[in-house]
$ cat final-v3.csv   # CSV, C-alpha atoms
chain,number,residue,atom,x,y,z
C,20,MET,CA,-19.2,19.4,-22.1
C,21,THR,CA,-18.8,23.2,-22.1
C,22,GLN,CA,-17.4,25.1,-25.1
C,23,GLU,CA,-14.3,25.9,-23.0
C,24,THR,CA,-13.6,22.3,-22.2
C,25,GLN,CA,-12.3,20.3,-25.1
C,26,SER,CA,-13.1,16.6,-25.3
C,27,ALA,CA,-10.3,14.3,-24.4
C,28,LEU,CA,-11.7,11.6,-26.7
C,29,THR,CA,-10.3,13.1,-29.9
C,30,PRO,CA,-10.6,11.3,-33.2
C,31,GLU,CA,-6.9,10.3,-32.8
C,32,VAL,CA,-7.6,8.8,-29.3
C,33,ARG,CA,-10.8,7.1,-30.6
C,34,ALA,CA,-8.8,5.6,-33.4
C,35,MET,CA,-6.7,3.6,-30.9
C,36,ILE,CA,-9.7,1.5,-29.9
C,37,GLY,CA,-9.1,-2.0,-31.3
C,38,VAL,CA,-5.5,-1.4,-32.0
C,39,SER,CA,-3.6,-4.6,-31.3
C,40,GLY,CA,0.1,-5.3,-30.6
C,41,ALA,CA,2.0,-8.2,-32.1
C,42,VAL,CA,1.5,-11.8,-30.8
C,43,VAL,CA,4.5,-12.3,-28.6
C,44,GLU,CA,5.9,-15.5,-27.1
C,45,ALA,CA,6.8,-15.0,-23.4
C,46,TRP,CA,10.4,-15.9,-22.5
C,47,GLY,CA,10.8,-19.4,-21.2
C,48,VAL,CA,8.1,-21.9,-20.5
C,49,VAL,CA,5.8,-22.6,-17.6
C,50,ASP,CA,8.0,-24.5,-15.2
C,51,ALA,CA,7.8,-26.1,-11.8
C,52,GLU,CA,10.3,-23.8,-10.1
C,53,TYR,CA,8.5,-20.7,-11.2
C,54,LEU,CA,5.2,-22.3,-10.1
C,55,ARG,CA,6.6,-23.1,-6.6
C,56,ARG,CA,7.8,-19.5,-6.1
C,57,PHE,CA,4.5,-18.0,-7.3
C,58,THR,CA,2.2,-20.2,-5.3
C,59,GLN,CA,4.3,-19.7,-2.1
C,60,ALA,CA,4.2,-16.0,-2.6
C,61,VAL,CA,0.5,-15.9,-3.2
C,62,MET,CA,0.1,-18.4,-0.3
C,63,ASP,CA,-1.9,-21.1,-2.1
C,64,PRO,CA,-0.9,-24.5,-0.9
C,65,ASP,CA,-3.1,-26.4,-3.3
C,66,PRO,CA,-1.6,-29.9,-4.0
C,67,ARG,CA,-2.8,-29.6,-7.6
C,68,TYR,CA,0.2,-27.4,-8.0
C,69,TRP,CA,2.9,-29.8,-6.7
C,70,ASP,CA,1.6,-33.3,-6.0
C,71,ALA,CA,1.8,-35.0,-9.4
C,72,GLU,CA,0.1,-38.2,-8.3
C,73,PHE,CA,-2.8,-36.4,-6.7
C,74,ALA,CA,-3.0,-34.0,-9.7
C,75,GLN,CA,-3.3,-36.9,-12.0
C,76,SER,CA,-6.4,-38.1,-10.1
C,77,THR,CA,-8.2,-34.8,-10.7
C,78,GLN,CA,-10.2,-33.8,-13.7
C,79,TYR,CA,-7.2,-31.9,-15.0
C,80,GLY,CA,-5.1,-35.1,-15.1
C,81,GLN,CA,-1.8,-33.3,-14.5
C,82,ILE,CA,-0.3,-30.5,-12.4
C,83,ILE,CA,-1.9,-27.2,-13.1
C,84,THR,CA,-0.8,-23.6,-12.5
C,85,PRO,CA,-2.6,-20.5,-11.3
C,86,PRO,CA,-4.5,-19.0,-14.2
C,87,ILE,CA,-3.0,-15.6,-14.3
C,88,MET,CA,0.6,-16.6,-13.4
C,89,VAL,CA,1.2,-16.5,-17.1
C,90,SER,CA,0.6,-12.7,-17.1
C,91,TYR,CA,3.8,-12.3,-15.1
C,92,LEU,CA,5.6,-14.7,-17.3
C,93,ALA,CA,4.7,-12.3,-20.1
C,94,SER,CA,6.2,-9.3,-18.3
C,95,ARG,CA,9.6,-10.9,-17.8
C,96,ILE,CA,12.6,-9.0,-18.9
C,97,ARG,CA,14.2,-11.0,-21.6
C,98,PRO,CA,17.9,-11.9,-21.1
C,99,ASP,CA,18.7,-11.0,-24.7
C,100,GLN,CA,17.9,-7.3,-24.0
C,101,ASP,CA,20.0,-4.7,-22.2
C,102,ASP,CA,19.6,-4.8,-18.4
C,103,PRO,CA,16.9,-2.1,-18.0
C,104,VAL,CA,17.1,-1.9,-14.2
C,105,THR,CA,20.8,-0.9,-14.3
C,106,ARG,CA,20.1,1.5,-17.2
C,107,ALA,CA,17.2,3.0,-15.3
C,108,PHE,CA,19.4,3.9,-12.3
C,109,GLU,CA,22.3,5.1,-14.6
C,110,GLU,CA,19.9,7.5,-16.2
C,111,ASN,CA,18.1,8.5,-13.0
C,112,PRO,CA,19.5,7.6,-9.5
C,113,GLU,CA,16.0,8.3,-8.2
C,114,SER,CA,14.3,5.9,-10.6
C,115,ASP,CA,11.2,4.2,-9.2
C,116,GLY,CA,12.6,0.9,-10.5
C,117,ILE,CA,10.2,0.4,-13.3
C,118,GLY,CA,10.0,3.7,-15.1
C,119,SER,CA,12.0,2.9,-18.2
C,120,ILE,CA,11.6,-0.8,-18.4
C,121,GLU,CA,10.3,-1.8,-21.9
C,122,ARG,CA,8.1,-4.8,-22.1
C,123,PRO,CA,7.7,-6.9,-25.2
C,124,GLY,CA,4.4,-6.6,-27.1
C,125,GLU,CA,3.6,-3.1,-25.7
C,126,LEU,CA,1.0,-1.0,-27.5
C,127,PRO,CA,1.7,2.4,-29.1
C,128,PRO,CA,0.9,5.2,-26.6
C,129,VAL,CA,-2.5,6.8,-26.7
C,130,PRO,CA,-2.0,10.3,-28.2
C,131,THR,CA,-3.2,12.4,-25.3
C,132,ASN,CA,-1.7,15.1,-23.2
C,133,LEU,CA,-3.3,13.6,-20.1
C,134,VAL,CA,-0.3,12.3,-18.3
C,135,ARG,CA,-1.4,11.3,-14.8
C,136,VAL,CA,-2.0,7.6,-14.7
C,137,LEU,CA,-4.2,5.9,-12.0
C,138,ASN,CA,-5.2,2.2,-11.8
C,139,ALA,CA,-9.0,1.9,-12.4
C,140,GLY,CA,-9.5,-1.8,-12.1
C,141,ASN,CA,-9.0,-5.2,-13.5
C,142,GLU,CA,-11.0,-8.0,-15.1
C,143,LEU,CA,-10.2,-11.7,-15.4
C,144,GLU,CA,-11.7,-14.4,-17.6
C,145,ILE,CA,-10.3,-17.9,-17.0
C,146,TYR,CA,-10.7,-20.7,-19.5
C,147,GLN,CA,-7.9,-23.2,-18.9
C,148,TYR,CA,-5.1,-23.7,-16.4
C,149,PRO,CA,-1.7,-23.5,-17.9
C,150,SER,CA,0.4,-26.7,-17.7
C,151,ILE,CA,4.0,-27.3,-16.9
C,152,GLY,CA,6.0,-27.0,-20.1
C,153,ASP,CA,3.5,-24.7,-21.8
C,154,ARG,CA,4.8,-22.0,-24.1
C,155,VAL,CA,2.7,-18.8,-23.6
C,156,PHE,CA,1.7,-16.4,-26.4
C,157,PHE,CA,0.1,-13.1,-25.6
C,158,GLN,CA,-1.3,-10.2,-27.4
C,159,ASN,CA,-2.3,-6.7,-26.1
C,160,LYS,CA,-5.2,-4.7,-27.5
C,161,TYR,CA,-6.9,-1.4,-26.6
C,162,SER,CA,-10.3,-2.9,-26.1
C,163,ASP,CA,-12.0,0.3,-24.9
C,164,ILE,CA,-11.4,4.0,-24.3
C,165,ARG,CA,-14.1,6.1,-22.7
C,166,GLU,CA,-14.4,9.6,-21.6
C,167,ARG,CA,-15.7,10.8,-18.3
C,168,VAL,CA,-15.9,14.2,-16.7
C,169,GLY,CA,-14.5,14.7,-13.2
C,170,ARG,CA,-16.0,16.7,-10.4
C,171,ASP,CA,-13.8,19.6,-11.5
C,172,GLY,CA,-15.5,19.6,-14.8
C,173,ARG,CA,-12.4,18.4,-16.7
C,174,PRO,CA,-12.6,15.4,-19.0
C,175,PHE,CA,-10.5,12.3,-18.3
C,176,LEU,CA,-10.1,9.0,-20.1
C,177,ILE,CA,-10.5,5.4,-19.0
C,178,ILE,CA,-8.3,3.3,-21.1
C,179,THR,CA,-8.8,-0.5,-21.1
C,180,ARG,CA,-6.0,-2.7,-22.3
C,181,GLU,CA,-7.0,-6.3,-22.9
C,182,THR,CA,-4.4,-9.1,-23.0
C,183,THR,CA,-5.2,-12.6,-24.4
C,184,TYR,CA,-3.0,-15.5,-23.4
C,185,LYS,CA,-2.8,-18.8,-25.4
C,186,ASN,CA,-0.6,-21.8,-25.2
C,187,GLN,CA,1.4,-23.4,-28.0
C,188,LYS,CA,-1.7,-25.3,-29.2
C,189,ASP,CA,-3.5,-21.9,-29.7
C,190,GLU,CA,-5.8,-22.8,-26.8
C,191,LEU,CA,-7.2,-19.9,-24.9
C,192,LEU,CA,-5.9,-19.8,-21.3
C,193,CYS,CA,-7.2,-16.5,-20.0
C,194,ILE,CA,-8.0,-12.9,-20.8
C,195,THR,CA,-7.1,-10.0,-18.6
C,196,ARG,CA,-8.2,-6.4,-18.8
C,197,ALA,CA,-6.5,-3.6,-17.0
C,198,SER,CA,-8.1,-0.2,-17.0
C,199,THR,CA,-6.3,3.0,-16.2
C,200,ILE,CA,-7.5,6.5,-15.7
C,201,ARG,CA,-5.6,9.2,-17.6
C,202,ARG,CA,-6.1,12.7,-16.1
I,6,MET,CA,-20.3,-21.8,9.0
I,7,THR,CA,-18.1,-18.8,8.2
I,8,THR,CA,-18.2,-15.8,10.5
I,9,PRO,CA,-20.4,-13.1,8.9
I,10,LEU,CA,-18.3,-10.2,7.6
I,11,GLU,CA,-20.3,-7.7,9.6
I,12,ASP,CA,-19.4,-9.6,12.8
I,13,LEU,CA,-15.8,-10.0,11.9
I,14,LEU,CA,-15.3,-6.3,11.5
I,15,LYS,CA,-16.5,-5.7,15.1
I,16,MET,CA,-13.7,-8.0,16.5
I,17,GLU,CA,-10.3,-7.1,17.8
I,18,PRO,CA,-7.4,-7.8,15.4
I,19,GLU,CA,-6.3,-11.0,17.3
I,20,GLU,CA,-9.9,-12.4,17.1
I,21,ILE,CA,-10.1,-11.6,13.4
I,22,LEU,CA,-6.8,-13.4,12.7
I,23,ALA,CA,-8.1,-16.4,14.6
I,24,ARG,CA,-11.1,-16.7,12.2
I,25,ASN,CA,-8.9,-17.2,9.2
I,26,GLU,CA,-10.4,-19.9,6.9
I,27,ARG,CA,-7.7,-20.2,4.3
I,28,PRO,CA,-7.5,-23.9,3.5
I,29,LYS,CA,-4.5,-26.0,4.0
I,30,ALA,CA,-3.2,-28.4,1.4
I,31,ASP,CA,-5.2,-31.4,2.8
I,32,ASP,CA,-8.4,-29.3,3.0
I,33,LEU,CA,-8.0,-28.7,-0.8
I,34,ARG,CA,-7.1,-32.3,-1.5
I,35,ASN,CA,-10.2,-33.5,0.2
I,36,LYS,CA,-12.6,-30.7,-0.7
I,37,GLN,CA,-16.2,-31.8,-1.1
I,38,GLN,CA,-18.1,-30.4,-4.1
I,39,LEU,CA,-20.4,-27.5,-3.5
I,40,TYR,CA,-23.4,-27.9,-5.8
I,41,TYR,CA,-25.5,-25.2,-7.4
I,42,GLU,CA,-28.5,-26.3,-5.3
I,43,ASP,CA,-26.5,-25.7,-2.1
I,44,VAL,CA,-26.1,-22.0,-2.7
I,45,ALA,CA,-28.5,-19.3,-1.7
I,46,GLU,CA,-28.5,-15.5,-2.1
I,47,GLY,CA,-26.8,-13.8,0.8
I,48,MET,CA,-24.5,-16.8,1.5
I,49,GLU,CA,-21.0,-15.8,2.5
I,50,LEU,CA,-17.8,-17.5,1.3
I,51,PRO,CA,-15.1,-18.5,3.8
I,52,LYS,CA,-12.9,-15.6,4.8
I,53,TYR,CA,-9.3,-15.6,3.8
I,54,ILE,CA,-7.4,-13.4,6.3
I,55,TYR,CA,-3.9,-12.1,5.7
I,56,ASN,CA,-1.5,-10.1,7.8
I,57,PRO,CA,1.2,-9.1,5.3
I,58,THR,CA,4.7,-8.3,6.5
I,59,PRO,CA,7.5,-6.5,4.5
I,60,THR,CA,8.9,-10.0,3.9
I,61,HIS,CA,5.7,-11.2,2.3
I,62,LEU,CA,5.8,-8.1,0.0
I,63,PHE,CA,9.4,-8.7,-0.9
I,64,ARG,CA,8.7,-12.4,-1.7
I,65,TRP,CA,5.9,-11.3,-4.0
I,66,SER,CA,8.0,-8.7,-5.8
I,67,ALA,CA,10.7,-11.3,-6.3
I,68,ALA,CA,8.3,-14.0,-7.5
I,69,ILE,CA,6.8,-11.8,-10.2
I,70,GLU,CA,9.9,-9.7,-10.9
I,71,ASN,CA,8.2,-6.4,-10.0
I,72,PHE,CA,11.0,-3.9,-9.3
I,73,HIS,CA,8.8,-1.0,-8.3
I,74,ARG,CA,10.5,0.4,-5.2
I,75,ILE,CA,7.2,1.5,-3.5
I,76,HIS,CA,6.8,-2.2,-2.5
I,77,TYR,CA,10.1,-2.9,-0.8
I,78,ASP,CA,12.1,0.4,-0.3
I,79,LEU,CA,10.7,2.1,2.7
I,80,ASP,CA,12.9,5.2,2.4
I,81,PHE,CA,11.8,5.7,-1.2
I,82,GLY,CA,8.1,5.1,-0.4
I,83,LEU,CA,8.1,7.6,2.5
I,84,ASN,CA,10.3,10.3,1.1
I,85,HIS,CA,9.9,10.1,-2.7
I,86,ASP,CA,6.3,9.0,-3.2
I,87,LYS,CA,5.1,10.2,0.2
I,88,ASN,CA,3.3,7.0,0.9
I,89,PRO,CA,2.6,5.9,4.5
I,90,SER,CA,4.8,2.8,4.2
I,91,ILE,CA,5.8,0.3,1.6
I,92,LEU,CA,2.6,-0.8,-0.2
I,93,VAL,CA,0.9,-4.1,-0.7
I,94,HIS,CA,0.8,-5.0,-4.4
I,95,GLY,CA,-2.4,-4.7,-6.4
I,96,SER,CA,-1.0,-7.7,-8.4
I,97,TRP,CA,-0.9,-9.8,-5.3
I,98,LYS,CA,-4.5,-8.9,-4.5
I,99,GLN,CA,-5.4,-9.7,-8.1
I,100,SER,CA,-3.8,-13.1,-7.8
I,101,VAL,CA,-5.7,-13.9,-4.5
I,102,VAL,CA,-9.0,-13.5,-6.3
I,103,PRO,CA,-8.8,-16.6,-8.7
I,104,GLN,CA,-7.4,-18.6,-5.8
I,105,PHE,CA,-10.3,-17.7,-3.6
I,106,LEU,CA,-12.8,-18.5,-6.3
I,107,LYS,CA,-11.0,-21.8,-7.3
I,108,ASP,CA,-11.0,-23.0,-3.8
I,109,TRP,CA,-14.7,-22.4,-3.3
I,110,THR,CA,-15.7,-24.2,-6.6
I,111,LEU,CA,-13.3,-27.2,-6.3
I,112,PRO,CA,-13.1,-29.9,-7.3
I,113,ARG,CA,-15.3,-29.7,-10.4
I,114,GLY,CA,-16.6,-26.2,-10.6
I,115,TRP,CA,-15.0,-23.3,-12.4
I,116,PRO,CA,-13.9,-19.8,-11.3
I,117,TRP,CA,-14.9,-18.1,-14.6
I,118,LYS,CA,-14.6,-14.4,-14.3
I,119,ALA,CA,-14.1,-11.5,-11.9
I,120,GLN,CA,-13.7,-7.7,-12.1
I,121,PHE,CA,-12.6,-5.4,-9.3
I,122,GLU,CA,-11.2,-2.0,-8.6
I,123,HIS,CA,-8.2,-1.1,-6.5
I,124,ARG,CA,-8.8,1.4,-3.8
I,125,ALA,CA,-7.0,2.4,-0.6
I,126,MET,CA,-3.3,1.9,0.1
I,127,LEU,CA,-2.6,-1.3,2.1
I,128,VAL,CA,0.5,-1.5,4.2
I,129,PRO,CA,2.3,-4.1,6.3
I,130,GLY,CA,0.5,-4.6,9.5
I,131,ASP,CA,-2.9,-4.3,8.0
I,132,ILE,CA,-5.2,-7.2,8.5
I,133,LEU,CA,-6.8,-8.0,5.1
I,134,ILE,CA,-10.0,-10.0,4.8
I,135,MET,CA,-10.8,-11.5,1.4
I,136,TRP,CA,-14.6,-12.0,1.4
I,137,GLY,CA,-17.4,-12.9,-1.0
I,138,ARG,CA,-21.2,-13.0,-0.9
I,139,VAL,CA,-23.7,-14.7,-3.2
I,140,THR,CA,-25.8,-12.1,-5.0
I,141,GLY,CA,-27.6,-14.2,-7.5
I,142,LYS,CA,-27.7,-17.6,-9.4
I,143,TYR,CA,-29.1,-19.0,-12.6
I,144,GLU,CA,-29.0,-22.1,-14.6
I,145,LYS,CA,-27.8,-22.2,-18.2
I,146,GLY,CA,-26.7,-25.0,-20.4
I,147,ARG,CA,-27.2,-27.4,-17.5
I,148,MET,CA,-24.6,-25.6,-15.5
I,149,GLY,CA,-25.1,-23.5,-12.4
I,150,PHE,CA,-23.9,-19.9,-12.6
I,151,VAL,CA,-23.4,-18.1,-9.3
I,152,GLU,CA,-22.9,-14.3,-9.1
I,153,LEU,CA,-20.8,-12.9,-6.2
I,154,GLU,CA,-19.9,-9.7,-4.7
I,155,ILE,CA,-16.3,-9.8,-3.6
I,156,GLY,CA,-13.8,-7.6,-1.9
I,157,MET,CA,-10.8,-7.3,0.4
I,158,LYS,CA,-11.5,-5.2,3.5
I,159,THR,CA,-9.1,-4.0,6.2
I,160,GLN,CA,-9.7,-4.6,9.9
I,161,ASP,CA,-11.2,-1.1,9.9
I,162,GLY,CA,-13.8,-2.0,7.3
I,163,VAL,CA,-12.1,-0.1,4.5
I,164,GLU,CA,-12.9,-1.8,1.2
I,165,SER,CA,-9.7,-1.9,-0.9
I,166,MET,CA,-11.0,-4.0,-3.8
I,167,PRO,CA,-14.7,-3.9,-4.5
I,168,GLY,CA,-15.7,-6.2,-7.3
I,169,THR,CA,-17.9,-8.9,-8.6
I,170,ALA,CA,-17.4,-12.5,-9.9
I,171,THR,CA,-19.2,-15.3,-11.7
I,172,VAL,CA,-18.4,-18.9,-10.9
I,173,VAL,CA,-19.8,-22.1,-12.3
I,174,LEU,CA,-21.0,-25.0,-10.1
I,175,PRO,CA,-22.3,-28.4,-11.2
I,176,LEU,CA,-25.9,-29.3,-10.8
I,177,ARG,CA,-26.5,-32.3,-8.5
I,178,ASP,CA,-27.9,-34.3,-11.5
I,179,GLY,CA,-26.0,-32.3,-14.1
I,180,PRO,CA,-23.1,-33.1,-16.4
I,181,ASP,CA,-19.5,-32.2,-15.5
I,182,ILE,CA,-18.5,-28.6,-16.1
I,183,PRO,CA,-16.5,-28.7,-19.4
I,184,TYR,CA,-12.7,-28.3,-19.1
I,185,PRO,CA,-11.3,-26.3,-20.7
I,186,PHE,CA,-14.2,-24.1,-19.7
I,187,VAL,CA,-16.6,-23.2,-22.5
I,188,PRO,CA,-19.4,-20.9,-21.6
I,189,PRO,CA,-22.8,-21.8,-23.0
I,190,THR,CA,-24.0,-19.8,-26.0
I,191,ASP,CA,-27.2,-17.8,-25.8

$ encode --input "final-v3.csv" --output "structure tokens"
Amino acid sequence: MTQETQSALTPEVRAMIGVSGAVVEAWGVVDAEYLRRFTQAVMDPDPRYWDAEFAQSTQYGQIITPPIMVSYLASRIRPDQDDPVTRAFEENPESDGIGSIERPGELPPVPTNLVRVLNAGNELEIYQYPSIGDRVFFQNKYSDIRERVGRDGRPFLIITRETTYKNQKDELLCITRASTIRR
Amino acid sequence: MTTPLEDLLKMEPEEILARNERPKADDLRNKQQLYYEDVAEGMELPKYIYNPTPTHLFRWSAAIENFHRIHYDLDFGLNHDKNPSILVHGSWKQSVVPQFLKDWTLPRGWPWKAQFEHRAMLVPGDILIMWGRVTGKYEKGRMGFVELEIGMKTQDGVESMPGTATVVLPLRDGPDIPYPFVPPTD
């Protein structure tokens, strides 16, 4: 790092590592209709998702759902909040459709003036398939923030947000990690 | 025997599509267990081949309530974000990964973990090949751990999702893989 280039990994940024959000219950429960739409959209015809008699004969003993389906359950817009899609277009007719949508359980922003966001990758750890009727609880955490230096000599950050998903029995379902580059 | 990825990428689009090995419901219902002992380094997994249309992208947006216009609003994608077309969702690719690993390890194995990056913009009309290759294996806690290189290539050989995965297969004379899955401790 040259003297002219200041580190992007400031003490304030470093202090965000390990910061967790609240444990939030996703709106609704894991249900058969959501399961049907999800599995058709991902094009997975597995009868473990819809044939109750067959599913009962498997080691799972019941219908299962795709492991990370719950991550989209968690990002649902709650019906008890203002309609953020309509608001986004009222505020900006050229809205990208997601810009101002607030999701429950979000983490405080990382205090950096690096504003360009790029997707750096994902990690999945799977422990149990969610079941129909499950309530889903999730918690976000900044699990890692690293600094790298680009080809142009400027530092950038790789910020990893970890989300842990559990069911109503506090059983671990899966852990996802999404890393973004901030330039 | 699956068509080697290298050979697949030399084929015309129609030939690639004809080599799709995505299982049907009855294939998954009747899947025979693959055991740890059956697996060798270099072995390739069956190829899942997709040819997404705008309707597939819209169906995924609706299913997961993703309102980002780059995935369904062609005018916005072309003129606002200057993309070549509407874009295939990274979230859809991410959801194919556990399906791909689940299907290979069924009925009693476990698709434990995966990591991957998102590269390249994928658009309707692309032919997408979900692929995997065994890179290593080890026994631990009387379970068989198999390490994989995975990805999703276009018909032109562009890798859009380079990654790795670890799945667990039962040993022929071993116990059942625990469910819910509990990795062995060191």

$ residues_around --input "final-v3.csv" --residues "Gly82 (chain I)" --least-positions-apart "3" --cutoff "12 Å" --atoms "only C-alpha atoms" --output "PDB file with C-alpha atoms, in the frame of the given file"
ATOM      1  CA  GLU C 113      16.000   8.300  -8.200  1.00  0.00           C
ATOM      2  CA  SER C 114      14.300   5.900 -10.600  1.00  0.00           C
ATOM      3  CA  ASP C 115      11.200   4.200  -9.200  1.00  0.00           C
ATOM      4  CA  GLY C 116      12.600   0.900 -10.500  1.00  0.00           C
TER       5      GLY C 116
ATOM      6  CA  HIS I  73       8.800  -1.000  -8.300  1.00  0.00           C
ATOM      7  CA  ARG I  74      10.500   0.400  -5.200  1.00  0.00           C
ATOM      8  CA  ILE I  75       7.200   1.500  -3.500  1.00  0.00           C
ATOM      9  CA  HIS I  76       6.800  -2.200  -2.500  1.00  0.00           C
ATOM     10  CA  TYR I  77      10.100  -2.900  -0.800  1.00  0.00           C
ATOM     11  CA  ASP I  78      12.100   0.400  -0.300  1.00  0.00           C
ATOM     12  CA  LEU I  79      10.700   2.100   2.700  1.00  0.00           C
ATOM     13  CA  HIS I  85       9.900  10.100  -2.700  1.00  0.00           C
ATOM     14  CA  ASP I  86       6.300   9.000  -3.200  1.00  0.00           C
ATOM     15  CA  LYS I  87       5.100  10.200   0.200  1.00  0.00           C
ATOM     16  CA  ASN I  88       3.300   7.000   0.900  1.00  0.00           C
ATOM     17  CA  PRO I  89       2.600   5.900   4.500  1.00  0.00           C
ATOM     18  CA  SER I  90       4.800   2.800   4.200  1.00  0.00           C
ATOM     19  CA  ILE I  91       5.800   0.300   1.600  1.00  0.00           C
ATOM     20  CA  LEU I  92       2.600  -0.800  -0.200  1.00  0.00           C
ATOM     21  CA  VAL I  93       0.900  -4.100  -0.700  1.00  0.00           C
ATOM     22  CA  MET I 126      -3.300   1.900   0.100  1.00  0.00           C
ATOM     23  CA  VAL I 128       0.500  -1.500   4.200  1.00  0.00           C
TER      24      VAL I 128
END

$ interface_residues --input "final-v3.csv" --of "chain I" --to "chain C" --cutoff "8 Å" --atoms "all atoms listed in the file" --output "VMD selection string"
chain I and resid 28 to 31 33 to 34 61 64 to 65 68 to 75 97 99 to 101 103 to 104 112 to 113 116 to 123 184 to 187

$ residues_near_point --input "final-v3.csv" --point "(-20.8, -10.5, 6.9)" --cutoff "12 Å" --atoms "all atoms listed in the file" --output "list in words"
Met6, Thr7, Thr8, Pro9, Leu10, Glu11, Asp12, Leu13, Leu14, Lys15, Gly47, Met48, Glu49, Leu50, Pro51, Lys52, Ile134, Met135, Trp136, Gly137, Arg138, Val139, Glu154, Ile155, Gly156, Lys158 and Gly162 of chain I

$ atom_distance --input "final-v3.csv" --atom1 "CA of Met16 (chain I)" --atom2 "CA of Leu133 (chain I)"
13.3 Å

$ atom_distance --input "final-v3.csv" --atom1 "CA of Ala170 (chain I)" --atom2 "CA of Phe150 (chain I)"
10.2 Å

$ atom_distance --input "final-v3.csv" --atom1 "CA of Thr84 (chain C)" --atom2 "CA of Pro167 (chain I)"
25.4 Å

$ residues_around --input "final-v3.csv" --residues "Val32 (chain C)" --least-positions-apart "2" --cutoff "7 Å" --atoms "only C-alpha atoms" --output "list of chain:residue names"
C:Leu28, C:Thr29, C:Pro30, C:Ala34, C:Met35, C:Val129, C:Pro130, C:Thr131

$ closest_residue --input "final-v3.csv" --among "I:Glu26, I:Asp181, I:Gly168, I:Asp80" --to "Val102 (chain I)" --atoms "all atoms listed in the file"
I:Gly168

$ residues_near_point --input "final-v3.csv" --point "(-14.4, -28.3, -0.1)" --cutoff "9 Å" --atoms "only C-alpha atoms" --output "PDB file with C-alpha atoms, in the frame of the given file"
ATOM      1  CA  PRO I  28      -7.500 -23.900   3.500  1.00  0.00           C
ATOM      2  CA  ASP I  32      -8.400 -29.300   3.000  1.00  0.00           C
ATOM      3  CA  LEU I  33      -8.000 -28.700  -0.800  1.00  0.00           C
ATOM      4  CA  ARG I  34      -7.100 -32.300  -1.500  1.00  0.00           C
ATOM      5  CA  ASN I  35     -10.200 -33.500   0.200  1.00  0.00           C
ATOM      6  CA  LYS I  36     -12.600 -30.700  -0.700  1.00  0.00           C
ATOM      7  CA  GLN I  37     -16.200 -31.800  -1.100  1.00  0.00           C
ATOM      8  CA  GLN I  38     -18.100 -30.400  -4.100  1.00  0.00           C
ATOM      9  CA  LEU I  39     -20.400 -27.500  -3.500  1.00  0.00           C
ATOM     10  CA  ASP I 108     -11.000 -23.000  -3.800  1.00  0.00           C
ATOM     11  CA  TRP I 109     -14.700 -22.400  -3.300  1.00  0.00           C
ATOM     12  CA  THR I 110     -15.700 -24.200  -6.600  1.00  0.00           C
ATOM     13  CA  LEU I 111     -13.300 -27.200  -6.300  1.00  0.00           C
ATOM     14  CA  PRO I 112     -13.100 -29.900  -7.300  1.00  0.00           C
TER      15      PRO I 112
END

$ closest_residue --input "final-v3.csv" --among "C:Asp153, C:Glu110, C:Ile200, C:Val42" --to "Arg165 (chain C)" --atoms "all atoms listed in the file"
C:Ile200

$ residues_around --input "final-v3.csv" --residues "Pro174 (chain C)" --least-positions-apart "6" --cutoff "9 Å" --atoms "all atoms listed in the file" --output "JSON, numbers by chain"
{"C": [20, 24, 25, 26, 27, 28, 166, 167, 168, 202]}

$ decode --input "final-v3.csv" --residues "region 87-96 of chain I" --atoms "N, CA and C atoms" --output "short mmCIF file (atom, residue, chain, number, x, y, z; two decimals), in the first residue's frame"
data_model
loop_
_atom_site.label_atom_id
_atom_site.label_comp_id
_atom_site.auth_asym_id
_atom_site.auth_seq_id
_atom_site.Cartn_x
_atom_site.Cartn_y
_atom_site.Cartn_z
N LYS I 87 -27.83 -1.00 -20.00
CA LYS I 87 -26.97 -1.30 -21.15
C LYS I 87 -26.53 -2.77 -21.18
N ASN I 88 -27.42 -3.63 -20.77
CA ASN I 88 -27.14 -5.06 -20.83
C ASN I 88 -27.48 -5.59 -22.23
N PRO I 89 -26.96 -6.75 -22.60
CA PRO I 89 -27.25 -7.28 -23.94
C PRO I 89 -28.68 -7.79 -24.10
N SER I 90 -29.35 -8.06 -23.00
CA SER I 90 -30.73 -8.58 -23.03
C SER I 90 -31.21 -8.59 -21.57
N ILE I 91 -32.35 -9.20 -21.31
CA ILE I 91 -32.67 -9.50 -19.91
C ILE I 91 -31.69 -10.59 -19.45
N LEU I 92 -31.42 -10.61 -18.15
CA LEU I 92 -30.36 -11.48 -17.64
C LEU I 92 -30.89 -12.65 -16.82
N VAL I 93 -30.27 -13.81 -17.01
CA VAL I 93 -30.55 -14.98 -16.17
C VAL I 93 -30.12 -14.64 -14.74
N HIS I 94 -30.95 -15.02 -13.76
CA HIS I 94 -30.70 -14.68 -12.36
C HIS I 94 -29.55 -15.50 -11.78
N GLY I 95 -28.68 -14.81 -11.03
CA GLY I 95 -27.68 -15.54 -10.23
C GLY I 95 -28.38 -16.42 -9.21
N SER I 96 -29.51 -15.98 -8.68
CA SER I 96 -30.23 -16.76 -7.66
C SER I 96 -30.76 -18.07 -8.24
#
